file run-v5.cif (mmCIF, N, CA and C atoms and all ligand atoms)
data_target
#
loop_
_atom_site.group_PDB
_atom_site.id
_atom_site.type_symbol
_atom_site.label_atom_id
_atom_site.label_comp_id
_atom_site.auth_asym_id
_atom_site.auth_seq_id
_atom_site.Cartn_x
_atom_site.Cartn_y
_atom_site.Cartn_z
ATOM 1 N N MET A 1 -4.142 7.502 -25.746
ATOM 2 C CA MET A 1 -5.385 6.736 -25.916
ATOM 3 C C MET A 1 -5.748 6.049 -24.599
ATOM 4 N N GLY A 2 -7.006 6.175 -24.230
ATOM 5 C CA GLY A 2 -7.467 5.511 -23.017
ATOM 6 C C GLY A 2 -8.626 4.591 -23.321
ATOM 7 N N LYS A 3 -9.362 4.265 -22.267
ATOM 8 C CA LYS A 3 -10.485 3.334 -22.415
ATOM 9 C C LYS A 3 -11.727 3.938 -21.801
ATOM 10 N N ILE A 4 -12.861 3.595 -22.383
ATOM 11 C CA ILE A 4 -14.120 4.108 -21.847
ATOM 12 C C ILE A 4 -15.171 3.010 -21.865
ATOM 13 N N PHE A 5 -16.080 3.099 -20.904
ATOM 14 C CA PHE A 5 -17.154 2.111 -20.786
ATOM 15 C C PHE A 5 -18.447 2.825 -20.419
ATOM 16 N N TYR A 6 -19.497 2.522 -21.155
ATOM 17 C CA TYR A 6 -20.820 3.085 -20.858
ATOM 18 C C TYR A 6 -21.701 2.003 -20.266
ATOM 19 N N CYS A 7 -22.197 2.276 -19.062
ATOM 20 C CA CYS A 7 -23.023 1.272 -18.379
ATOM 21 C C CYS A 7 -24.262 0.918 -19.196
ATOM 22 N N LYS A 8 -24.806 1.897 -19.907
ATOM 23 C CA LYS A 8 -26.027 1.628 -20.668
ATOM 24 C C LYS A 8 -25.807 0.578 -21.765
ATOM 25 N N ASP A 9 -24.558 0.381 -22.172
ATOM 26 C CA ASP A 9 -24.256 -0.645 -23.172
ATOM 27 C C ASP A 9 -24.557 -2.055 -22.667
ATOM 28 N N LEU A 10 -24.628 -2.180 -21.344
ATOM 29 C CA LEU A 10 -24.986 -3.479 -20.763
ATOM 30 C C LEU A 10 -26.501 -3.677 -20.738
ATOM 31 N N GLY A 11 -27.226 -2.670 -21.218
ATOM 32 C CA GLY A 11 -28.673 -2.791 -21.286
ATOM 33 C C GLY A 11 -29.392 -2.236 -20.070
ATOM 34 N N SER A 12 -28.645 -1.570 -19.185
ATOM 35 C CA SER A 12 -29.284 -1.001 -18.012
ATOM 36 C C SER A 12 -29.671 0.447 -18.290
ATOM 37 N N ASP A 13 -30.598 0.942 -17.492
ATOM 38 C CA ASP A 13 -31.059 2.314 -17.637
ATOM 39 C C ASP A 13 -30.210 3.195 -16.721
ATOM 40 N N CYS A 14 -28.946 3.346 -17.086
ATOM 41 C CA CYS A 14 -27.972 3.970 -16.205
ATOM 42 C C CYS A 14 -27.053 4.835 -17.067
ATOM 43 N N ASP A 15 -26.820 6.071 -16.643
ATOM 44 C CA ASP A 15 -26.024 6.960 -17.492
ATOM 45 C C ASP A 15 -24.559 7.040 -17.047
ATOM 46 N N TRP A 16 -24.140 6.107 -16.194
ATOM 47 C CA TRP A 16 -22.759 6.116 -15.725
ATOM 48 C C TRP A 16 -21.798 5.733 -16.844
ATOM 49 N N LYS A 17 -20.685 6.437 -16.857
ATOM 50 C CA LYS A 17 -19.612 6.009 -17.750
ATOM 51 C C LYS A 17 -18.320 6.013 -16.956
ATOM 52 N N GLY A 18 -17.458 5.073 -17.304
ATOM 53 C CA GLY A 18 -16.172 4.996 -16.636
ATOM 54 C C GLY A 18 -15.069 5.217 -17.645
ATOM 55 N N ALA A 19 -14.011 5.898 -17.193
ATOM 56 C CA ALA A 19 -12.873 6.126 -18.072
ATOM 57 C C ALA A 19 -11.587 5.851 -17.310
ATOM 58 N N ALA A 20 -10.611 5.314 -18.013
ATOM 59 C CA ALA A 20 -9.311 5.044 -17.401
ATOM 60 C C ALA A 20 -8.264 4.923 -18.502
ATOM 61 N N TYR A 21 -7.031 4.852 -18.073
ATOM 62 C CA TYR A 21 -5.958 4.773 -19.066
ATOM 63 C C TYR A 21 -5.706 3.361 -19.553
ATOM 64 N N THR A 22 -6.055 2.380 -18.720
ATOM 65 C CA THR A 22 -5.852 0.994 -19.142
ATOM 66 C C THR A 22 -7.144 0.190 -18.967
ATOM 67 N N GLU A 23 -7.242 -0.889 -19.717
ATOM 68 C CA GLU A 23 -8.436 -1.733 -19.648
ATOM 69 C C GLU A 23 -8.612 -2.323 -18.249
ATOM 70 N N ASP A 24 -7.515 -2.763 -17.636
ATOM 71 C CA ASP A 24 -7.621 -3.389 -16.318
ATOM 72 C C ASP A 24 -8.105 -2.412 -15.261
ATOM 73 N N GLU A 25 -7.575 -1.177 -15.344
ATOM 74 C CA GLU A 25 -7.986 -0.146 -14.395
ATOM 75 C C GLU A 25 -9.475 0.149 -14.563
ATOM 76 N N LEU A 26 -9.905 0.271 -15.803
ATOM 77 C CA LEU A 26 -11.314 0.561 -16.076
ATOM 78 C C LEU A 26 -12.193 -0.608 -15.658
ATOM 79 N N PHE A 27 -11.728 -1.816 -15.912
ATOM 80 C CA PHE A 27 -12.497 -2.999 -15.535
ATOM 81 C C PHE A 27 -12.788 -3.006 -14.036
ATOM 82 N N ARG A 28 -11.767 -2.639 -13.244
ATOM 83 C CA ARG A 28 -11.973 -2.573 -11.790
ATOM 84 C C ARG A 28 -13.028 -1.534 -11.425
ATOM 85 N N LYS A 29 -12.995 -0.382 -12.103
ATOM 86 C CA LYS A 29 -13.993 0.665 -11.835
ATOM 87 C C LYS A 29 -15.399 0.193 -12.175
ATOM 88 N N VAL A 30 -15.510 -0.545 -13.268
ATOM 89 C CA VAL A 30 -16.821 -1.040 -13.685
ATOM 90 C C VAL A 30 -17.358 -2.040 -12.656
ATOM 91 N N VAL A 31 -16.490 -2.930 -12.186
ATOM 92 C CA VAL A 31 -16.899 -3.923 -11.188
ATOM 93 C C VAL A 31 -17.355 -3.221 -9.904
ATOM 94 N N GLU A 32 -16.603 -2.193 -9.504
ATOM 95 C CA GLU A 32 -16.958 -1.392 -8.336
ATOM 96 C C GLU A 32 -18.322 -0.725 -8.518
ATOM 97 N N HIS A 33 -18.515 -0.126 -9.665
ATOM 98 C CA HIS A 33 -19.774 0.540 -9.978
ATOM 99 C C HIS A 33 -20.931 -0.449 -9.959
ATOM 100 N N ALA A 34 -20.731 -1.600 -10.537
ATOM 101 C CA ALA A 34 -21.778 -2.619 -10.589
ATOM 102 C C ALA A 34 -22.180 -3.057 -9.184
ATOM 103 N N ALA A 35 -21.199 -3.158 -8.299
ATOM 104 C CA ALA A 35 -21.477 -3.568 -6.920
ATOM 105 C C ALA A 35 -22.239 -2.482 -6.172
ATOM 106 N N GLU A 36 -21.791 -1.215 -6.343
ATOM 107 C CA GLU A 36 -22.397 -0.110 -5.597
ATOM 108 C C GLU A 36 -23.784 0.268 -6.102
ATOM 109 N N ARG A 37 -23.900 0.376 -7.401
ATOM 110 C CA ARG A 37 -25.131 0.928 -7.964
ATOM 111 C C ARG A 37 -26.118 -0.140 -8.407
ATOM 112 N N HIS A 38 -25.617 -1.306 -8.756
ATOM 113 C CA HIS A 38 -26.512 -2.326 -9.296
ATOM 114 C C HIS A 38 -26.562 -3.571 -8.423
ATOM 115 N N ASP A 39 -25.873 -3.495 -7.285
ATOM 116 C CA ASP A 39 -25.899 -4.585 -6.316
ATOM 117 C C ASP A 39 -25.460 -5.925 -6.919
ATOM 118 N N ILE A 40 -24.509 -5.850 -7.829
ATOM 119 C CA ILE A 40 -23.953 -7.077 -8.413
ATOM 120 C C ILE A 40 -22.648 -7.372 -7.676
ATOM 121 N N LYS A 41 -22.701 -8.310 -6.759
ATOM 122 C CA LYS A 41 -21.533 -8.588 -5.921
ATOM 123 C C LYS A 41 -20.634 -9.664 -6.522
ATOM 124 N N ASP A 42 -21.254 -10.702 -6.983
ATOM 125 C CA ASP A 42 -20.472 -11.793 -7.566
ATOM 126 C C ASP A 42 -20.761 -11.885 -9.052
ATOM 127 N N MET A 43 -19.884 -11.282 -9.806
ATOM 128 C CA MET A 43 -20.110 -11.217 -11.237
ATOM 129 C C MET A 43 -19.755 -12.534 -11.909
ATOM 130 N N LEU A 44 -20.631 -12.943 -12.806
ATOM 131 C CA LEU A 44 -20.386 -14.175 -13.541
ATOM 132 C C LEU A 44 -19.291 -13.955 -14.578
ATOM 133 N N GLU A 45 -18.598 -15.027 -14.912
ATOM 134 C CA GLU A 45 -17.550 -14.954 -15.938
ATOM 135 C C GLU A 45 -18.103 -14.372 -17.235
ATOM 136 N N GLU A 46 -19.330 -14.743 -17.526
ATOM 137 C CA GLU A 46 -19.980 -14.286 -18.750
ATOM 138 C C GLU A 46 -20.153 -12.763 -18.747
ATOM 139 N N GLN A 47 -20.541 -12.244 -17.574
ATOM 140 C CA GLN A 47 -20.719 -10.798 -17.441
ATOM 141 C C GLN A 47 -19.379 -10.064 -17.550
ATOM 142 N N LYS A 48 -18.351 -10.644 -16.958
ATOM 143 C CA LYS A 48 -17.016 -10.049 -17.032
ATOM 144 C C LYS A 48 -16.547 -9.982 -18.490
ATOM 145 N N LYS A 49 -16.806 -11.061 -19.200
ATOM 146 C CA LYS A 49 -16.419 -11.127 -20.600
ATOM 147 C C LYS A 49 -17.147 -10.062 -21.411
ATOM 148 N N ARG A 50 -18.428 -9.907 -21.104
ATOM 149 C CA ARG A 50 -19.260 -8.910 -21.790
ATOM 150 C C ARG A 50 -18.704 -7.489 -21.541
ATOM 151 N N ILE A 51 -18.324 -7.225 -20.315
ATOM 152 C CA ILE A 51 -17.764 -5.910 -19.986
ATOM 153 C C ILE A 51 -16.489 -5.658 -20.779
ATOM 154 N N ARG A 52 -15.629 -6.660 -20.819
ATOM 155 C CA ARG A 52 -14.385 -6.528 -21.600
ATOM 156 C C ARG A 52 -14.686 -6.196 -23.055
ATOM 157 N N GLU A 53 -15.732 -6.822 -23.580
ATOM 158 C CA GLU A 53 -16.100 -6.581 -24.978
ATOM 159 C C GLU A 53 -16.613 -5.163 -25.194
ATOM 160 N N LEU A 54 -17.241 -4.615 -24.150
ATOM 161 C CA LEU A 54 -17.883 -3.296 -24.282
ATOM 162 C C LEU A 54 -16.934 -2.140 -23.965
ATOM 163 N N ILE A 55 -15.772 -2.451 -23.441
ATOM 164 C CA ILE A 55 -14.770 -1.412 -23.189
ATOM 165 C C ILE A 55 -14.194 -0.964 -24.527
ATOM 166 N N LYS A 56 -14.279 0.352 -24.744
ATOM 167 C CA LYS A 56 -13.869 0.892 -26.042
ATOM 168 C C LYS A 56 -12.659 1.812 -25.895
ATOM 169 N N ASP A 57 -11.951 1.967 -27.005
ATOM 170 C CA ASP A 57 -10.874 2.952 -27.028
ATOM 171 C C ASP A 57 -11.475 4.348 -26.957
ATOM 172 N N ASP A 58 -10.764 5.229 -26.285
ATOM 173 C CA ASP A 58 -11.269 6.586 -26.101
ATOM 174 C C ASP A 58 -10.131 7.587 -26.267
ATOM 175 N N SER A 59 -10.247 8.420 -27.273
ATOM 176 C CA SER A 59 -9.174 9.364 -27.540
ATOM 177 C C SER A 59 -9.258 10.603 -26.659
ATOM 178 N N SER A 60 -10.406 10.830 -26.031
ATOM 179 C CA SER A 60 -10.532 12.010 -25.162
ATOM 180 C C SER A 60 -10.582 11.595 -23.694
ATOM 181 N N VAL A 61 -9.819 10.545 -23.377
ATOM 182 C CA VAL A 61 -9.894 9.969 -22.030
ATOM 183 C C VAL A 61 -9.529 10.968 -20.939
ATOM 184 N N LYS A 62 -8.626 11.860 -21.212
ATOM 185 C CA LYS A 62 -8.231 12.833 -20.185
ATOM 186 C C LYS A 62 -9.413 13.671 -19.740
ATOM 187 N N GLU A 63 -10.173 14.165 -20.702
ATOM 188 C CA GLU A 63 -11.348 14.967 -20.370
ATOM 189 C C GLU A 63 -12.379 14.120 -19.638
ATOM 190 N N ASN A 64 -12.537 12.871 -20.069
ATOM 191 C CA ASN A 64 -13.521 12.006 -19.450
ATOM 192 C C ASN A 64 -13.158 11.649 -18.010
ATOM 193 N N ILE A 65 -11.884 11.453 -17.757
ATOM 194 C CA ILE A 65 -11.455 11.167 -16.390
ATOM 195 C C ILE A 65 -11.642 12.414 -15.530
ATOM 196 N N ALA A 66 -11.307 13.564 -16.099
ATOM 197 C CA ALA A 66 -11.445 14.819 -15.362
ATOM 198 C C ALA A 66 -12.899 15.113 -15.030
ATOM 199 N N ALA A 67 -13.815 14.666 -15.893
ATOM 200 C CA ALA A 67 -15.225 14.969 -15.715
ATOM 201 C C ALA A 67 -15.868 14.161 -14.603
ATOM 202 N N ARG A 68 -15.212 13.115 -14.135
ATOM 203 C CA ARG A 68 -15.835 12.267 -13.108
ATOM 204 C C ARG A 68 -15.865 12.953 -11.756
HETATM 205 ZN ZN ZN A 101 -24.623 1.560 -14.017
#
call {"tool": "encode", "arguments": {"input": "run-v5.cif", "output": "structure tokens"}}
result
Amino acid sequence: MGKIFYCKDLGSDCDWKGAAYTEDELFRKVVEHAAERHDIKDMLEEQKKRIRELIKDDSSVKENIAAR
């Protein structure tokens, strides 16, 4: 079981999804993506919390990681 995050769940018009084996690893990828693509450099605690809430379990994480 891995973790998956869809950027569009944050309400943005973005089709990026991130996948990783652990929540912390995925969280780092999301923060990186937010900085690169959405120019969010200093994320608020509230936004970080929201991301944690939106990270979901993913049973096909291997395929999703391979697809990136
Ligand atoms: Zn995005």
call {"tool": "closest_residue", "arguments": {"input": "run-v5.cif", "among": "A:Met43, A:Leu54, A:Ile65, A:Leu10", "to": "Val31 (chain A)", "atoms": "only N, CA and C atoms"}}
result
A:Met43
call {"tool": "resolve_selection", "arguments": {"input": "run-v5.cif", "expression": "the PyMOL selection byres (((not hetatm) and name CA) within 9 of (chain A and resi 101))", "output": "PyMOL selection string"}}
result
chain A and resi 6-8+10+12-17+30+33-34+36-38
call {"tool": "resolve_selection", "arguments": {"input": "run-v5.cif", "expression": "the PyMOL selection byres (((chain A and resi 21-23) around 8) and not hetatm)", "output": "ChimeraX atom specification"}}
result
/A:1-4,19-20,24-29,52,55,61-62,65
call {"tool": "write_last_selection", "arguments": {"input": "run-v5.cif", "atoms": "N, CA and C atoms", "output": "compact mmCIF listing (two decimals), in the coordinates of the input"}}
result
# COMPACT_ATOMS: atom_id res chain seq x y z
N MET A 1 -4.14 7.50 -25.75
CA MET A 1 -5.38 6.74 -25.92
C MET A 1 -5.75 6.05 -24.60
N GLY A 2 -7.01 6.18 -24.23
CA GLY A 2 -7.47 5.51 -23.02
C GLY A 2 -8.63 4.59 -23.32
N LYS A 3 -9.36 4.26 -22.27
CA LYS A 3 -10.48 3.33 -22.42
C LYS A 3 -11.73 3.94 -21.80
N ILE A 4 -12.86 3.60 -22.38
CA ILE A 4 -14.12 4.11 -21.85
C ILE A 4 -15.17 3.01 -21.86
N ALA A 19 -14.01 5.90 -17.19
CA ALA A 19 -12.87 6.13 -18.07
C ALA A 19 -11.59 5.85 -17.31
N ALA A 20 -10.61 5.31 -18.01
CA ALA A 20 -9.31 5.04 -17.40
C ALA A 20 -8.26 4.92 -18.50
N ASP A 24 -7.52 -2.76 -17.64
CA ASP A 24 -7.62 -3.39 -16.32
C ASP A 24 -8.10 -2.41 -15.26
N GLU A 25 -7.58 -1.18 -15.34
CA GLU A 25 -7.99 -0.15 -14.40
C GLU A 25 -9.48 0.15 -14.56
N LEU A 26 -9.90 0.27 -15.80
CA LEU A 26 -11.31 0.56 -16.08
C LEU A 26 -12.19 -0.61 -15.66
N PHE A 27 -11.73 -1.82 -15.91
CA PHE A 27 -12.50 -3.00 -15.54
C PHE A 27 -12.79 -3.01 -14.04
N ARG A 28 -11.77 -2.64 -13.24
CA ARG A 28 -11.97 -2.57 -11.79
C ARG A 28 -13.03 -1.53 -11.42
N LYS A 29 -13.00 -0.38 -12.10
CA LYS A 29 -13.99 0.66 -11.84
C LYS A 29 -15.40 0.19 -12.18
N ARG A 52 -15.63 -6.66 -20.82
CA ARG A 52 -14.38 -6.53 -21.60
C ARG A 52 -14.69 -6.20 -23.06
N ILE A 55 -15.77 -2.45 -23.44
CA ILE A 55 -14.77 -1.41 -23.19
C ILE A 55 -14.19 -0.96 -24.53
N VAL A 61 -9.82 10.54 -23.38
CA VAL A 61 -9.89 9.97 -22.03
C VAL A 61 -9.53 10.97 -20.94
N LYS A 62 -8.63 11.86 -21.21
CA LYS A 62 -8.23 12.83 -20.18
C LYS A 62 -9.41 13.67 -19.74
N ILE A 65 -11.88 11.45 -17.76
CA ILE A 65 -11.46 11.17 -16.39
C ILE A 65 -11.64 12.41 -15.53
call {"tool": "atom_distance", "arguments": {"input": "run-v5.cif", "atom1": "atom N of Asp57 (chain A)", "atom2": "atom N of Phe5 (chain A)"}}
result
7.5 Å
call {"tool": "select_by_dssp", "arguments": {"input": "run-v5.cif", "residues": "chain A", "states": "helix (DSSP H, G or I)", "output": "short mmCIF file (atom, residue, chain, number, x, y, z; two decimals) with N, CA and C atoms, keeping the file's coordinate frame"}}
result
data_model
loop_
_atom_site.label_atom_id
_atom_site.label_comp_id
_atom_site.auth_asym_id
_atom_site.auth_seq_id
_atom_site.Cartn_x
_atom_site.Cartn_y
_atom_site.Cartn_z
N CYS A 7 -22.20 2.28 -19.06
CA CYS A 7 -23.02 1.27 -18.38
C CYS A 7 -24.26 0.92 -19.20
N LYS A 8 -24.81 1.90 -19.91
CA LYS A 8 -26.03 1.63 -20.67
C LYS A 8 -25.81 0.58 -21.76
N ASP A 9 -24.56 0.38 -22.17
CA ASP A 9 -24.26 -0.64 -23.17
C ASP A 9 -24.56 -2.06 -22.67
N LEU A 10 -24.63 -2.18 -21.34
CA LEU A 10 -24.99 -3.48 -20.76
C LEU A 10 -26.50 -3.68 -20.74
N GLU A 23 -7.24 -0.89 -19.72
CA GLU A 23 -8.44 -1.73 -19.65
C GLU A 23 -8.61 -2.32 -18.25
N ASP A 24 -7.52 -2.76 -17.64
CA ASP A 24 -7.62 -3.39 -16.32
C ASP A 24 -8.10 -2.41 -15.26
N GLU A 25 -7.58 -1.18 -15.34
CA GLU A 25 -7.99 -0.15 -14.40
C GLU A 25 -9.48 0.15 -14.56
N LEU A 26 -9.90 0.27 -15.80
CA LEU A 26 -11.31 0.56 -16.08
C LEU A 26 -12.19 -0.61 -15.66
N PHE A 27 -11.73 -1.82 -15.91
CA PHE A 27 -12.50 -3.00 -15.54
C PHE A 27 -12.79 -3.01 -14.04
N ARG A 28 -11.77 -2.64 -13.24
CA ARG A 28 -11.97 -2.57 -11.79
C ARG A 28 -13.03 -1.53 -11.42
N LYS A 29 -13.00 -0.38 -12.10
CA LYS A 29 -13.99 0.66 -11.84
C LYS A 29 -15.40 0.19 -12.18
N VAL A 30 -15.51 -0.55 -13.27
CA VAL A 30 -16.82 -1.04 -13.68
C VAL A 30 -17.36 -2.04 -12.66
N VAL A 31 -16.49 -2.93 -12.19
CA VAL A 31 -16.90 -3.92 -11.19
C VAL A 31 -17.36 -3.22 -9.90
N GLU A 32 -16.60 -2.19 -9.50
CA GLU A 32 -16.96 -1.39 -8.34
C GLU A 32 -18.32 -0.72 -8.52
N HIS A 33 -18.52 -0.13 -9.66
CA HIS A 33 -19.77 0.54 -9.98
C HIS A 33 -20.93 -0.45 -9.96
N ALA A 34 -20.73 -1.60 -10.54
CA ALA A 34 -21.78 -2.62 -10.59
C ALA A 34 -22.18 -3.06 -9.18
N ALA A 35 -21.20 -3.16 -8.30
CA ALA A 35 -21.48 -3.57 -6.92
C ALA A 35 -22.24 -2.48 -6.17
N GLU A 36 -21.79 -1.22 -6.34
CA GLU A 36 -22.40 -0.11 -5.60
C GLU A 36 -23.78 0.27 -6.10
N ARG A 37 -23.90 0.38 -7.40
CA ARG A 37 -25.13 0.93 -7.96
C ARG A 37 -26.12 -0.14 -8.41
N HIS A 38 -25.62 -1.31 -8.76
CA HIS A 38 -26.51 -2.33 -9.30
C HIS A 38 -26.56 -3.57 -8.42
N GLU A 45 -18.60 -15.03 -14.91
CA GLU A 45 -17.55 -14.95 -15.94
C GLU A 45 -18.10 -14.37 -17.24
N GLU A 46 -19.33 -14.74 -17.53
CA GLU A 46 -19.98 -14.29 -18.75
C GLU A 46 -20.15 -12.76 -18.75
N GLN A 47 -20.54 -12.24 -17.57
CA GLN A 47 -20.72 -10.80 -17.44
C GLN A 47 -19.38 -10.06 -17.55
N LYS A 48 -18.35 -10.64 -16.96
CA LYS A 48 -17.02 -10.05 -17.03
C LYS A 48 -16.55 -9.98 -18.49
N LYS A 49 -16.81 -11.06 -19.20
CA LYS A 49 -16.42 -11.13 -20.60
C LYS A 49 -17.15 -10.06 -21.41
N ARG A 50 -18.43 -9.91 -21.10
CA ARG A 50 -19.26 -8.91 -21.79
C ARG A 50 -18.70 -7.49 -21.54
N ILE A 51 -18.32 -7.22 -20.32
CA ILE A 51 -17.76 -5.91 -19.99
C ILE A 51 -16.49 -5.66 -20.78
N ARG A 52 -15.63 -6.66 -20.82
CA ARG A 52 -14.38 -6.53 -21.60
C ARG A 52 -14.69 -6.20 -23.06
N GLU A 53 -15.73 -6.82 -23.58
CA GLU A 53 -16.10 -6.58 -24.98
C GLU A 53 -16.61 -5.16 -25.19
N LEU A 54 -17.24 -4.62 -24.15
CA LEU A 54 -17.88 -3.30 -24.28
C LEU A 54 -16.93 -2.14 -23.96
N VAL A 61 -9.82 10.54 -23.38
CA VAL A 61 -9.89 9.97 -22.03
C VAL A 61 -9.53 10.97 -20.94
N LYS A 62 -8.63 11.86 -21.21
CA LYS A 62 -8.23 12.83 -20.18
C LYS A 62 -9.41 13.67 -19.74
N GLU A 63 -10.17 14.16 -20.70
CA GLU A 63 -11.35 14.97 -20.37
C GLU A 63 -12.38 14.12 -19.64
N ASN A 64 -12.54 12.87 -20.07
CA ASN A 64 -13.52 12.01 -19.45
C ASN A 64 -13.16 11.65 -18.01
N ILE A 65 -11.88 11.45 -17.76
CA ILE A 65 -11.46 11.17 -16.39
C ILE A 65 -11.64 12.41 -15.53
N ALA A 66 -11.31 13.56 -16.10
CA ALA A 66 -11.44 14.82 -15.36
C ALA A 66 -12.90 15.11 -15.03
#
call {"tool": "atom_distance", "arguments": {"input": "run-v5.cif", "atom1": "CA of Lys56 (chain A)", "atom2": "CA of Gly18 (chain A)"}}
result
10.5 Å
call {"tool": "atom_distance", "arguments": {"input": "run-v5.cif", "atom1": "atom C of Ser60 (chain A)", "atom2": "atom N of Asp39 (chain A)"}}
result
27.0 Å
call {"tool": "select_by_dssp", "arguments": {"input": "run-v5.cif", "residues": "chain A", "states": "strand (DSSP E)", "output": "PyMOL selection string"}}
result
chain A and resi 2-6+17-20+56-58
call {"tool": "decode", "arguments": {"input": "run-v5.cif", "residues": "region 7-25 of chain A", "atoms": "C-alpha atoms", "output": "PDB file, in the first residue's frame"}}
result
ATOM      1  CA  CYS A   7      -3.261  18.373  -7.040  1.00  0.00           C
ATOM      2  CA  LYS A   8      -6.763  19.107  -8.300  1.00  0.00           C
ATOM      3  CA  ASP A   9      -8.092  18.140  -4.855  1.00  0.00           C
ATOM      4  CA  LEU A  10      -6.614  21.406  -3.623  1.00  0.00           C
ATOM      5  CA  GLY A  11      -8.959  23.202  -5.993  1.00  0.00           C
ATOM      6  CA  SER A  12      -6.396  24.039  -8.644  1.00  0.00           C
ATOM      7  CA  ASP A  13      -6.807  23.418 -12.349  1.00  0.00           C
ATOM      8  CA  CYS A  14      -3.862  21.043 -12.426  1.00  0.00           C
ATOM      9  CA  ASP A  15      -3.738  17.389 -13.439  1.00  0.00           C
ATOM     10  CA  TRP A  16      -0.571  16.533 -11.507  1.00  0.00           C
ATOM     11  CA  LYS A  17      -0.633  13.587  -9.198  1.00  0.00           C
ATOM     12  CA  GLY A  18       2.062  12.418  -6.859  1.00  0.00           C
ATOM     13  CA  ALA A  19       2.657   8.905  -5.622  1.00  0.00           C
ATOM     14  CA  ALA A  20       5.037   7.492  -3.044  1.00  0.00           C
ATOM     15  CA  TYR A  21       5.379   4.671  -0.592  1.00  0.00           C
ATOM     16  CA  THR A  22       5.134   6.810   2.517  1.00  0.00           C
ATOM     17  CA  GLU A  23       3.171   9.910   3.469  1.00  0.00           C
ATOM     18  CA  ASP A  24       6.318  11.873   4.326  1.00  0.00           C
ATOM     19  CA  GLU A  25       7.958  11.068   1.007  1.00  0.00           C
TER      20      GLU A  25
END
